[in-house]
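K.L.:
My structure is stored as coords21.cif, with mmCIF, C-alpha atoms and all ligand atoms.
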data_final
loop_
_atom_site.label_atom_id
_atom_site.label_comp_id
_atom_site.auth_asym_id
_atom_site.auth_seq_id
_atom_site.Cartn_x
_atom_site.Cartn_y
_atom_site.Cartn_z
CA MET A 1 26.09 3.52 18.47
CA THR A 2 24.20 0.91 16.44
CA GLN A 3 25.14 -2.22 18.39
CA PRO A 4 23.63 -1.29 21.80
CA VAL A 5 20.28 -0.41 20.21
CA MET A 6 20.21 -3.68 18.26
CA GLU A 7 21.10 -5.69 21.38
CA LEU A 8 18.45 -3.98 23.53
CA CYS A 9 15.89 -4.54 20.77
CA GLU A 10 16.61 -8.28 20.80
CA GLN A 11 15.83 -8.35 24.51
CA VAL A 12 12.77 -6.15 24.80
CA VAL A 13 10.85 -6.01 21.50
CA CYS A 14 8.85 -8.99 20.22
CA SER A 15 10.95 -10.53 17.51
CA THR A 16 8.37 -10.35 14.72
CA TYR A 17 10.62 -8.50 12.26
CA MET A 18 13.77 -9.24 10.29
CA ARG A 19 15.59 -5.93 10.44
CA TYR A 20 18.58 -4.48 8.62
CA PRO A 21 21.47 -3.53 10.93
CA VAL A 22 20.77 0.19 10.78
CA VAL A 23 19.44 2.50 13.49
CA LEU A 24 17.79 5.44 11.75
CA GLU A 25 17.62 8.73 13.54
CA ARG A 26 16.67 11.55 11.22
CA GLY A 27 15.08 12.09 7.83
CA ARG A 28 14.44 14.85 5.33
CA GLY A 29 12.85 14.39 1.93
CA SER A 30 14.32 11.28 0.34
CA ARG A 31 17.32 11.17 2.70
CA LEU A 32 17.79 9.36 6.01
CA TRP A 33 20.66 9.42 8.50
CA ASP A 34 21.57 6.74 11.02
CA VAL A 35 22.87 7.22 14.56
CA ASP A 36 26.46 7.10 13.29
CA GLY A 37 25.79 9.92 10.85
CA ASN A 38 25.73 7.78 7.67
CA GLU A 39 23.43 9.10 4.94
CA TYR A 40 21.06 6.96 2.88
CA ILE A 41 18.91 7.60 -0.17
CA ASP A 42 15.55 6.07 0.62
CA PHE A 43 13.78 3.84 -1.94
CA VAL A 44 11.53 2.28 0.70
CA ALA A 45 9.73 5.32 2.15
CA GLY A 46 8.59 3.30 5.15
CA ILE A 47 7.05 0.83 2.64
CA ALA A 48 5.19 3.31 0.46
CA VAL A 49 4.20 5.46 3.43
CA CYS A 50 6.25 8.67 3.34
CA ASN A 51 5.16 9.65 -0.16
CA LEU A 52 5.91 13.33 0.45
CA GLY A 53 9.30 12.46 1.88
CA HIS A 54 10.44 12.46 5.47
CA CYS A 55 9.43 15.34 7.72
CA HIS A 56 7.75 17.36 4.96
CA PRO A 57 7.83 20.94 6.29
CA GLU A 58 4.19 21.79 5.52
CA VAL A 59 2.91 18.54 7.01
CA ALA A 60 5.17 18.95 10.07
CA GLU A 61 3.75 22.43 10.58
CA VAL A 62 0.16 21.14 10.50
CA ILE A 63 1.07 18.36 12.95
CA CYS A 64 2.70 20.84 15.35
CA ARG A 65 -0.17 23.28 15.17
CA GLN A 66 -2.83 20.58 15.62
CA ALA A 67 -0.86 18.96 18.49
CA GLN A 68 -1.13 22.26 20.32
CA THR A 69 -4.83 22.70 19.50
CA LEU A 70 -6.60 19.35 19.88
CA VAL A 71 -5.29 15.79 19.57
CA HIS A 72 -8.18 13.48 20.42
CA VAL A 73 -11.77 13.66 21.62
CA SER A 74 -13.42 10.36 20.50
CA ASN A 75 -16.07 9.91 17.86
CA LEU A 76 -18.76 10.86 20.38
CA PHE A 77 -18.16 14.35 19.02
CA TYR A 78 -17.61 16.08 15.70
CA THR A 79 -14.28 17.60 14.73
CA LYS A 80 -13.57 19.76 11.70
CA PRO A 81 -10.37 18.08 10.44
CA GLN A 82 -12.11 14.68 10.21
CA VAL A 83 -15.15 15.97 8.37
CA GLU A 84 -13.03 18.06 6.01
CA LEU A 85 -10.77 15.12 5.17
CA ALA A 86 -13.80 12.95 4.37
CA ALA A 87 -15.22 15.71 2.16
CA ALA A 88 -11.89 16.03 0.31
CA LEU A 89 -11.66 12.26 -0.24
CA LYS A 90 -15.23 12.28 -1.53
CA ARG A 91 -14.50 15.14 -3.91
CA LEU A 92 -11.38 13.43 -5.27
CA SER A 93 -12.71 9.88 -5.68
CA PHE A 94 -15.70 7.72 -6.65
CA ALA A 95 -16.83 7.55 -3.03
CA ASP A 96 -19.67 9.16 -1.12
CA ARG A 97 -18.72 8.28 2.45
CA VAL A 98 -15.63 7.48 4.52
CA PHE A 99 -14.96 5.45 7.66
CA PHE A 100 -11.67 6.24 9.43
CA ALA A 101 -9.43 3.64 11.02
CA ASN A 102 -5.76 3.47 11.99
CA SER A 103 -4.14 1.03 9.57
CA GLY A 104 -4.55 -0.83 6.33
CA ALA A 105 -5.65 -4.01 8.07
CA GLU A 106 -8.27 -2.11 10.01
CA ALA A 107 -9.55 -0.37 6.88
CA ASN A 108 -9.86 -3.79 5.20
CA GLU A 109 -11.63 -5.19 8.28
CA ALA A 110 -14.14 -2.36 7.92
CA ALA A 111 -14.59 -3.18 4.22
CA ILE A 112 -15.15 -6.89 4.92
CA LYS A 113 -17.61 -6.12 7.71
CA LEU A 114 -19.44 -3.63 5.48
CA ALA A 115 -19.74 -6.21 2.69
CA ARG A 116 -21.13 -8.85 5.07
CA LYS A 117 -23.62 -6.38 6.56
CA TYR A 118 -24.68 -5.01 3.17
CA SER A 119 -25.39 -8.49 1.93
CA ARG A 120 -27.07 -9.71 5.07
CA ASP A 121 -29.40 -6.68 5.24
CA LYS A 122 -30.41 -7.24 1.62
CA TYR A 123 -30.31 -11.00 1.12
CA GLY A 124 -30.33 -12.54 4.62
CA PRO A 125 -27.71 -14.79 6.28
CA GLY A 126 -25.32 -17.16 4.47
CA ARG A 127 -24.13 -14.77 1.77
CA PHE A 128 -20.84 -13.82 3.44
CA HIS A 129 -18.10 -15.28 1.27
CA VAL A 130 -15.33 -13.08 -0.11
CA ILE A 131 -13.20 -13.88 -3.16
CA THR A 132 -9.57 -12.72 -2.92
CA MET A 133 -6.50 -13.27 -5.09
CA GLU A 134 -3.48 -15.55 -4.81
CA ASP A 135 -0.37 -13.67 -3.63
CA SER A 136 -2.53 -10.86 -2.27
CA PHE A 137 -1.81 -9.00 0.91
CA HIS A 138 -4.53 -7.45 3.04
CA GLY A 139 -3.11 -7.27 6.57
CA ARG A 140 -2.37 -9.25 9.72
CA THR A 141 -5.55 -9.14 11.79
CA LEU A 142 -7.41 -12.46 11.82
CA ALA A 143 -9.92 -11.52 9.12
CA THR A 144 -7.40 -9.79 6.90
CA LEU A 145 -4.79 -12.54 7.18
CA SER A 146 -7.56 -14.98 6.31
CA ALA A 147 -8.26 -12.80 3.26
CA THR A 148 -4.55 -12.82 2.36
CA ALA A 149 -3.84 -15.75 0.05
CA GLN A 150 -0.31 -16.46 1.24
CA GLU A 151 0.44 -19.58 3.25
CA LYS A 152 3.20 -17.88 5.26
CA VAL A 153 0.85 -15.39 6.95
CA HIS A 154 -1.63 -18.14 7.94
CA LYS A 155 0.85 -20.58 9.40
CA GLY A 156 0.31 -21.21 13.12
CA PHE A 157 -2.78 -19.01 13.40
CA GLU A 158 -5.43 -21.45 12.21
CA PRO A 159 -8.37 -21.77 12.36
CA LEU A 160 -8.81 -18.91 9.93
CA VAL A 161 -11.90 -16.73 9.62
CA GLU A 162 -14.43 -18.55 7.45
CA GLY A 163 -15.55 -17.69 3.96
CA PHE A 164 -12.47 -16.54 2.01
CA HIS A 165 -11.87 -18.12 -1.40
CA PHE A 166 -8.65 -17.66 -3.33
CA VAL A 167 -8.33 -17.48 -7.10
CA PRO A 168 -5.38 -16.59 -9.36
CA TYR A 169 -4.87 -12.86 -10.02
CA ASN A 170 -5.90 -11.49 -13.43
CA ASP A 171 -7.97 -14.62 -14.19
CA ILE A 172 -11.62 -13.68 -14.78
CA ASP A 173 -12.71 -17.26 -15.47
CA ALA A 174 -11.43 -18.32 -12.05
CA VAL A 175 -13.54 -15.56 -10.48
CA ARG A 176 -16.61 -16.70 -12.45
CA ARG A 177 -16.11 -20.27 -11.20
CA ALA A 178 -15.76 -19.09 -7.59
CA MET A 179 -18.82 -16.79 -7.84
CA THR A 180 -21.34 -18.88 -5.89
CA ALA A 181 -24.60 -17.59 -4.40
CA GLN A 182 -22.75 -17.19 -1.06
CA VAL A 183 -20.36 -14.52 -2.35
CA CYS A 184 -20.86 -10.95 -1.07
CA ALA A 185 -17.61 -9.33 -2.17
CA VAL A 186 -14.45 -9.50 -4.27
CA LEU A 187 -11.40 -7.95 -2.63
CA VAL A 188 -8.50 -7.14 -4.95
CA GLU A 189 -5.43 -4.91 -5.28
CA PRO A 190 -5.16 -2.87 -8.54
CA ILE A 191 -1.44 -3.72 -8.38
CA GLN A 192 -0.22 -6.46 -6.05
CA GLY A 193 2.43 -4.93 -3.81
CA GLU A 194 3.69 -7.59 -1.40
CA GLY A 195 2.85 -10.14 -4.09
CA GLY A 196 5.76 -8.84 -6.19
CA VAL A 197 4.56 -5.65 -7.96
CA ARG A 198 2.16 -7.45 -10.27
CA LEU A 199 0.04 -5.16 -12.42
CA GLY A 200 -3.69 -5.63 -12.78
CA ASP A 201 -4.91 -6.14 -16.33
CA PRO A 202 -7.46 -3.45 -17.34
CA ASP A 203 -9.55 -6.00 -19.32
CA TYR A 204 -9.73 -8.24 -16.27
CA PHE A 205 -10.80 -5.33 -14.07
CA ARG A 206 -13.46 -4.27 -16.57
CA GLU A 207 -14.94 -7.77 -16.60
CA LEU A 208 -14.66 -8.02 -12.84
CA ARG A 209 -16.57 -4.75 -12.50
CA ALA A 210 -19.35 -5.98 -14.77
CA LEU A 211 -19.57 -9.38 -13.06
CA CYS A 212 -19.80 -7.85 -9.58
CA ARG A 213 -22.45 -5.37 -10.70
CA GLU A 214 -24.51 -8.15 -12.28
CA ARG A 215 -24.45 -10.18 -9.04
CA ASP A 216 -24.72 -7.23 -6.62
CA VAL A 217 -21.40 -8.34 -5.17
CA LEU A 218 -19.33 -5.49 -3.72
CA LEU A 219 -16.09 -4.83 -5.56
CA ILE A 220 -13.48 -3.75 -3.01
CA PHE A 221 -10.15 -2.29 -4.11
CA ASP A 222 -7.34 -2.48 -1.59
CA GLU A 223 -5.35 0.68 -2.42
CA VAL A 224 -3.53 0.69 0.90
CA GLN A 225 -0.18 0.56 -0.90
CA VAL A 226 -0.94 1.88 -4.39
CA GLY A 227 -3.22 4.80 -3.47
CA MET A 228 -2.14 8.39 -2.70
CA GLY A 229 -0.21 9.20 -5.86
CA ARG A 230 2.11 6.20 -5.83
CA THR A 231 1.26 5.11 -9.37
CA GLY A 232 1.11 8.60 -10.87
CA THR A 233 -2.61 9.15 -10.38
CA LEU A 234 -4.14 9.94 -7.01
CA PHE A 235 -5.67 6.44 -6.94
CA ALA A 236 -4.51 3.47 -8.99
CA TYR A 237 -8.06 2.56 -10.08
CA GLU A 238 -8.19 5.71 -12.22
CA GLN A 239 -5.78 3.99 -14.63
CA LEU A 240 -7.94 0.86 -14.82
CA GLY A 241 -10.95 2.77 -16.08
CA VAL A 242 -13.33 1.27 -13.50
CA SER A 243 -14.34 2.32 -10.00
CA PRO A 244 -15.00 0.00 -7.09
CA ASP A 245 -17.90 0.07 -4.61
CA VAL A 246 -15.48 0.22 -1.72
CA MET A 247 -11.81 1.23 -1.48
CA THR A 248 -9.35 1.07 1.37
CA LEU A 249 -6.46 3.46 2.00
CA ALA A 250 -3.82 3.70 4.69
CA LYS A 251 -0.02 3.75 4.28
CA ALA A 252 0.66 7.13 2.61
CA LEU A 253 -2.57 8.84 3.67
CA GLY A 254 -0.90 10.30 6.76
CA ASN A 255 2.65 10.39 5.32
CA GLY A 256 3.70 8.43 8.42
CA LEU A 257 1.01 9.20 10.95
CA PRO A 258 -1.15 6.10 11.48
CA ILE A 259 -4.41 6.42 9.58
CA GLY A 260 -6.57 4.10 7.52
CA ALA A 261 -9.76 4.85 5.63
CA MET A 262 -12.54 2.90 4.00
CA LEU A 263 -14.31 4.77 1.22
CA ALA A 264 -17.64 3.58 -0.14
CA THR A 265 -20.49 4.52 -2.43
CA GLU A 266 -23.71 5.66 -0.81
CA ALA A 267 -25.43 2.37 -1.69
CA ALA A 268 -22.76 0.28 0.06
CA ALA A 269 -22.11 2.66 2.96
CA CYS A 270 -25.80 2.57 3.97
CA ALA A 271 -25.21 -0.82 5.58
CA PHE A 272 -23.31 0.87 8.42
CA THR A 273 -25.64 2.48 10.93
CA PRO A 274 -24.89 4.00 14.37
CA GLY A 275 -23.24 1.29 16.47
CA SER A 276 -22.33 -0.98 13.51
CA HIS A 277 -18.64 -0.30 13.65
CA ALA A 278 -16.23 1.96 15.53
CA SER A 279 -12.63 2.75 16.36
CA THR A 280 -11.40 4.78 19.34
CA PHE A 281 -8.56 6.43 17.46
CA GLY A 282 -10.28 6.43 14.06
CA GLY A 283 -10.01 9.88 12.49
CA THR A 284 -8.57 11.89 15.37
CA PRO A 285 -8.15 15.60 14.72
CA LEU A 286 -4.34 15.17 14.81
CA VAL A 287 -4.07 12.53 12.08
CA THR A 288 -6.89 13.84 9.93
CA ALA A 289 -5.46 17.38 9.95
CA ALA A 290 -2.13 15.97 8.78
CA ALA A 291 -3.79 13.71 6.18
CA GLY A 292 -5.81 16.67 4.89
CA LYS A 293 -2.56 18.50 4.11
CA VAL A 294 -1.00 15.35 2.60
CA LEU A 295 -3.99 14.85 0.32
CA GLU A 296 -3.98 18.50 -0.76
CA LEU A 297 -0.28 18.30 -1.73
CA ILE A 298 -0.44 14.93 -3.49
CA ALA A 299 -3.63 15.62 -5.44
CA ARG A 300 -2.06 18.53 -7.37
CA GLU A 301 -1.87 17.67 -11.05
CA GLU A 302 1.73 18.98 -11.46
CA PHE A 303 2.80 16.76 -8.59
CA LEU A 304 1.12 13.66 -10.08
CA ALA A 305 2.60 14.46 -13.50
CA SER A 306 6.07 14.59 -11.91
CA VAL A 307 5.49 11.12 -10.42
CA ARG A 308 4.64 9.73 -13.87
CA ASP A 309 7.64 11.47 -15.41
CA LYS A 310 10.09 10.19 -12.78
CA GLY A 311 8.49 6.75 -12.93
CA ASN A 312 9.03 6.58 -16.71
CA HIS A 313 12.62 7.70 -16.26
CA PHE A 314 13.18 5.02 -13.60
CA MET A 315 11.64 2.29 -15.78
CA GLU A 316 13.80 3.27 -18.77
CA LYS A 317 16.93 3.16 -16.64
CA LEU A 318 16.00 -0.26 -15.26
CA GLN A 319 15.22 -1.57 -18.75
CA GLY A 320 18.72 -0.47 -19.69
CA LEU A 321 20.10 -2.33 -16.68
CA ARG A 322 18.18 -5.39 -17.72
CA LEU A 323 19.93 -5.39 -21.08
CA ARG A 324 23.25 -5.29 -19.25
CA HIS A 325 22.34 -8.24 -16.98
CA PRO A 326 19.98 -10.39 -19.05
CA GLU A 327 20.62 -13.62 -17.08
CA LYS A 328 20.21 -11.90 -13.72
CA ILE A 329 17.15 -9.68 -14.29
CA ARG A 330 13.98 -11.51 -15.33
CA ASP A 331 11.56 -8.59 -15.57
CA VAL A 332 11.08 -4.92 -14.84
CA ARG A 333 7.57 -3.62 -14.28
CA GLY A 334 5.68 -0.83 -12.59
CA ARG A 335 3.40 2.20 -12.67
CA GLY A 336 4.57 5.62 -11.58
CA LEU A 337 6.96 5.19 -8.67
CA MET A 338 5.75 1.70 -7.80
CA VAL A 339 8.51 -0.25 -9.49
CA GLY A 340 9.56 -3.89 -9.31
CA MET A 341 12.56 -5.72 -10.69
CA GLU A 342 12.33 -9.49 -10.72
CA LEU A 343 15.66 -11.24 -10.27
CA ALA A 344 16.65 -14.75 -11.28
CA GLY A 345 17.27 -15.64 -7.62
CA PRO A 346 16.73 -14.45 -4.02
CA GLY A 347 17.29 -10.71 -3.78
CA LYS A 348 18.55 -10.40 -0.22
CA ALA A 349 22.23 -10.08 -1.16
CA VAL A 350 21.37 -7.31 -3.63
CA VAL A 351 19.49 -5.42 -0.91
CA ASP A 352 22.48 -5.81 1.44
CA GLY A 353 24.87 -4.66 -1.30
CA CYS A 354 22.79 -1.52 -1.94
CA LEU A 355 22.59 -0.81 1.79
CA LYS A 356 26.40 -0.85 2.00
CA LYS A 357 26.45 1.74 -0.79
CA GLY A 358 23.95 3.96 1.04
CA PHE A 359 20.67 3.02 -0.67
CA LEU A 360 17.67 1.61 1.15
CA ILE A 361 15.71 -0.81 -1.05
CA ASN A 362 13.45 -3.71 -0.28
CA CYS A 363 12.81 -7.20 -1.60
CA THR A 364 9.38 -8.78 -1.66
CA HIS A 365 8.11 -12.16 -2.76
CA GLU A 366 11.69 -13.47 -2.37
CA THR A 367 13.02 -12.41 -5.78
CA VAL A 368 11.41 -9.05 -6.56
CA LEU A 369 13.24 -5.86 -5.68
CA ARG A 370 10.58 -3.30 -4.89
CA PHE A 371 11.31 0.39 -5.30
CA VAL A 372 8.78 2.67 -3.63
CA PRO A 373 10.75 5.86 -2.98
CA PRO A 374 9.27 9.05 -1.61
CA LEU A 375 7.49 10.66 -4.57
CA VAL A 376 9.72 13.71 -4.10
CA ILE A 377 12.80 11.70 -5.14
CA GLU A 378 14.97 13.42 -7.78
CA LYS A 379 15.95 11.91 -11.13
CA ASP A 380 19.64 12.13 -10.26
CA GLU A 381 18.98 10.11 -7.10
CA ILE A 382 17.29 7.48 -9.25
CA ASP A 383 20.32 7.51 -11.57
CA ARG A 384 22.65 7.05 -8.60
CA LEU A 385 20.68 4.03 -7.42
CA VAL A 386 20.79 2.47 -10.88
CA ILE A 387 24.60 2.87 -10.98
CA ALA A 388 24.86 1.23 -7.54
CA LEU A 389 22.54 -1.60 -8.62
CA ASP A 390 24.67 -2.15 -11.71
CA GLU A 391 27.79 -2.54 -9.53
CA VAL A 392 26.04 -4.83 -7.05
CA LEU A 393 24.56 -7.01 -9.82
CA GLU A 394 27.99 -7.32 -11.42
CA GLU A 395 29.14 -9.21 -8.30
CA TRP A 396 25.87 -11.07 -7.62
CA THR A 397 25.03 -14.58 -8.76
CA PRO A 398 21.42 -15.84 -8.68
C1 LIG B 1 0.48 -2.81 3.95
C2 LIG B 1 -0.76 -3.32 3.34
C3 LIG B 1 -1.86 -3.68 4.14
C4 LIG B 1 -1.81 -3.69 5.63
O1 LIG B 1 -1.66 -2.42 6.18
P1 LIG B 1 -1.26 -2.26 7.72
O2 LIG B 1 -1.30 -0.77 7.92
O3 LIG B 1 0.11 -2.84 7.89
O4 LIG B 1 -2.27 -2.99 8.51
C5 LIG B 1 -3.02 -4.07 3.50
N1 LIG B 1 -3.09 -4.13 2.17
C6 LIG B 1 -2.05 -3.80 1.37
C7 LIG B 1 -2.21 -3.87 -0.10
C8 LIG B 1 -0.85 -3.40 1.94
O5 LIG B 1 0.20 -3.11 1.15
#
In structure tokens, how does this file's structure come out?
P.N.:
Amino acid sequence: MTQPVMELCEQVVCSTYMRYPVVLERGRGSRLWDVDGNEYIDFVAGIAVCNLGHCHPEVAEVICRQAQTLVHVSNLFYTKPQVELAAALKRLSFADRVFFANSGAEANEAAIKLARKYSRDKYGPGRFHVITMEDSFHGRTLATLSATAQEKVHKGFEPLVEGFHFVPYNDIDAVRRAMTAQVCAVLVEPIQGEGGVRLGDPDYFRELRALCRERDVLLIFDEVQVGMGRTGTLFAYEQLGVSPDVMTLAKALGNGLPIGAMLATEAAACAFTPGSHASTFGGTPLVTAAAGKVLELIAREEFLASVRDKGNHFMEKLQGLRLRHPEKIRDVRGRGLMVGMELAGPGKAVVDGCLKKGFLINCTHETVLRFVPPLVIEKDEIDRLVIALDEVLEEWTP
């Protein structure tokens, strides 16, 4: 059953993706089944999207009910689910206002546009530069790929959008050197996801916060991947001890329905006025009703505590594995259930080996296995993955 789908895909879908030879059909919690009935334990979660697991019954119920009530009306009108979701995000974060979009890239576009407008309104033209970090990832639209400091996403699409300056991650002196009078914003991930699960240093973030405040430069946190409970707190910034002026969310906010959001303080958000920015599908009643339920479930303290507990368990197990394969595993790092294992060579064969054993995992930045399971994963499922990894690593050479 798999082959015909793969062959048709080659003919009719733009070939922008490298895919694994699996046709997935059904999911429940942390399990997925393919069209041939094979079962998988999912450590990808749609790339940190299905944080509540696949087809969560309470979220599915909200989607069904809302689909039969009202799906879309445009932002020419008010709808309750959108306003209520914004109010909940405000209550649970540093932010005062929210703009809704459909993806992470679009949320970041909104943040970049807001920063330019904020600065231009206050200081006039010319102050539009944005500092971003090496090995960052902010999306694939022209502005967000220009913000992304990775050669491979730029290649072939030049000229890039003007004004982005790249500095090494966790290096405050590099930010100070790049902080010219033209800079209006610093855009940074609290943990770099695509960049290989690299953790932000709290001291760096504290200094970054102070520097941005001093210069009236907007500090923008891209929490598209690390937000929504992934790291064991609702938002990753809570563990850094500083809040941004602007934050972007997407991936897990709708547990699989497409939604992005830009959250901002009152002072920053003021730069957007009627007509400044818009999105046809931004914040439809369907996706915001679902996201409202997702947020309610993830924000519960017992739930977040369980993420930290399972994350610690996972890290301990992987540290144990590292001791068993010291020449093959370079590093193990993570926060909550955002976990990375750096190998001494390209990780593709390890991913393939795990797939054959019924585990979906992912490799990023060439050598870093990234584990971002649904947050509802069980400890015994984690243990089973670690056993499979042990067997696969036994056979693998860097
Ligand atoms: C995935 C991701 C994006 C892009 O989100 P899309 O929904 O694919 O546009 C932006 N920033 C980070 C940190 C991401 O992980």
K.L.:
Which value, in Å to one decimal, gives the distance between atom CA of A:Leu8 and atom CA of A:Ala48?
P.N.:
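If I compute the distance from atom CA of A:Leu8 to atom CA of A:Ala48, I get 27.6 Å.
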K.L.:
Between atom CA of A:Pro159 and atom CA of A:Asp171, what is the distance, to one decimal in Å?
P.N.:
27.5 Å
K.L.:
Name the residues in contact with stretch 231-240 of chain A at a cut-off of 6 Å, using all atoms listed in the file, excluding same-chain residues fewer than 4 positions from it; report them as a PyMOL selection string.
P.N.:
chain A and resi 202+227+299+304+307-308+335-338
K.L.:
Which residue, A:Lys348, A:His165, A:Lys113, A:Arg28, has the smallest gap to A:His129 when you use all atoms listed in the file?
P.N.:
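The closest residue to A:His129 is A:His165.
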K.L.:
Please return as a list of chain:residue names the residues found within 7 Å of ligand LIG 1 (chain B), counting only C-alpha atoms and all ligand atoms.
P.N.:
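Using only C-alpha atoms and all ligand atoms, everything at most 7 Å from ligand LIG 1 (chain B) comes to A:Ser103, A:Gly104, A:Ala105, A:Glu106, A:Phe137, A:His138, A:Gly139, A:Arg140, A:Glu189, A:Gln192, A:Gly193, A:Glu194, A:Asp222, A:Glu223, A:Val224, A:Gln225, A:Ala250, A:Lys251.
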K.L.:
Using all atoms listed in the file for the distances, tell me which of A:Phe272, A:Phe94, A:Trp33, A:Phe205 is nearest to A:Ala115.
P.N.:
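Using all atoms listed in the file, A:Ala115 sits closest to A:Phe272.
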K.L.:
Atom CA of A:Asn75 and atom CA of A:Thr280, how far apart in Å?
P.N.:
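A separation of 7.1 Å between them.
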K.L.:
At a cut-off of 12 Å from (-16.8, -14.3, -1.4) in the coordinates of the file, what residues are picked up using only C-alpha atoms, written as a PyMOL selection string?
P.N.:
chain A and resi 112+115-116+119+126-133+147+162-167+175-188+212+215-220
K.L.:
Just checking: using only C-alpha atoms, which residue out of A:Ile387, A:Cys14, A:Leu114, A:Ile63 ends up closest to A:Gly254?
P.N.:
A:Ile63
K.L.:
So which one's closest to A:Pro168, A:Asn102, A:Asn51, A:Ser146, A:Ser136? Using only C-alpha atoms, please.
P.N.:
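Comparing A:Asn102, A:Asn51, A:Ser146, A:Ser136 against A:Pro168, the winner is A:Ser136.
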K.L.:
Smallest atom-to-atom distance to A:Leu89: which of A:Lys293, A:Arg384, A:His154, A:Arg31, using all atoms listed in the file?
P.N.:
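Ranked by minimum distance to A:Leu89, first place goes to A:Lys293.
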K.L.:
Using all atoms listed in the file, can you tell me which of A:Val73, A:Val294, A:Gly340, A:Gly37 comes closest to A:Gly256?
P.N.:
A:Val294
K.L.:
With only C-alpha atoms as the counted atoms, please give the residues lying no more than 9 Å from A:Tyr204, apart from itself and same-chain residues fewer than 3 positions off, as a PyMOL selection string.
P.N.:
chain A and resi 170-172+200-201+207-209
K.L.:
Which residues are close to A:Val83, i.e. within 12 Å by all atoms listed in the file, leaving aside same-chain residues fewer than 2 positions away? Reply as a PyMOL selection string.
P.N.:
chain A and resi 75+77-81+85-90+97-100+283-285+288-289+291-292
K.L.:
Complete stretch 107-111 of chain A with all heavy atoms (output as an mmCIF file, in the coordinates of the input).
P.N.:
data_model
loop_
_atom_site.group_PDB
_atom_site.id
_atom_site.type_symbol
_atom_site.label_atom_id
_atom_site.label_comp_id
_atom_site.auth_asym_id
_atom_site.auth_seq_id
_atom_site.Cartn_x
_atom_site.Cartn_y
_atom_site.Cartn_z
ATOM 1 N N ALA A 107 -8.692 -0.862 7.963
ATOM 2 C CA ALA A 107 -9.550 -0.370 6.880
ATOM 3 C C ALA A 107 -10.157 -1.557 6.125
ATOM 4 O O ALA A 107 -11.347 -1.549 5.778
ATOM 5 C CB ALA A 107 -8.737 0.515 5.930
ATOM 6 N N ASN A 108 -9.337 -2.598 5.884
ATOM 7 C CA ASN A 108 -9.860 -3.790 5.200
ATOM 8 C C ASN A 108 -10.878 -4.538 6.071
ATOM 9 O O ASN A 108 -11.855 -5.073 5.546
ATOM 10 C CB ASN A 108 -8.709 -4.709 4.793
ATOM 11 C CG ASN A 108 -7.970 -4.190 3.569
ATOM 12 O OD1 ASN A 108 -8.561 -3.504 2.742
ATOM 13 N ND2 ASN A 108 -6.705 -4.514 3.450
ATOM 14 N N GLU A 109 -10.640 -4.587 7.371
ATOM 15 C CA GLU A 109 -11.630 -5.190 8.280
ATOM 16 C C GLU A 109 -12.971 -4.478 8.115
ATOM 17 O O GLU A 109 -14.024 -5.115 8.030
ATOM 18 C CB GLU A 109 -11.200 -5.033 9.752
ATOM 19 C CG GLU A 109 -10.122 -5.949 10.210
ATOM 20 C CD GLU A 109 -10.638 -7.305 10.707
ATOM 21 O OE1 GLU A 109 -11.856 -7.448 10.973
ATOM 22 O OE2 GLU A 109 -9.822 -8.218 10.799
ATOM 23 N N ALA A 110 -12.913 -3.149 8.075
ATOM 24 C CA ALA A 110 -14.140 -2.360 7.920
ATOM 25 C C ALA A 110 -14.824 -2.715 6.603
ATOM 26 O O ALA A 110 -16.048 -2.862 6.540
ATOM 27 C CB ALA A 110 -13.828 -0.874 7.988
ATOM 28 N N ALA A 111 -14.025 -2.871 5.545
ATOM 29 C CA ALA A 111 -14.590 -3.180 4.220
ATOM 30 C C ALA A 111 -15.253 -4.564 4.224
ATOM 31 O O ALA A 111 -16.344 -4.743 3.664
ATOM 32 C CB ALA A 111 -13.500 -3.115 3.159
#
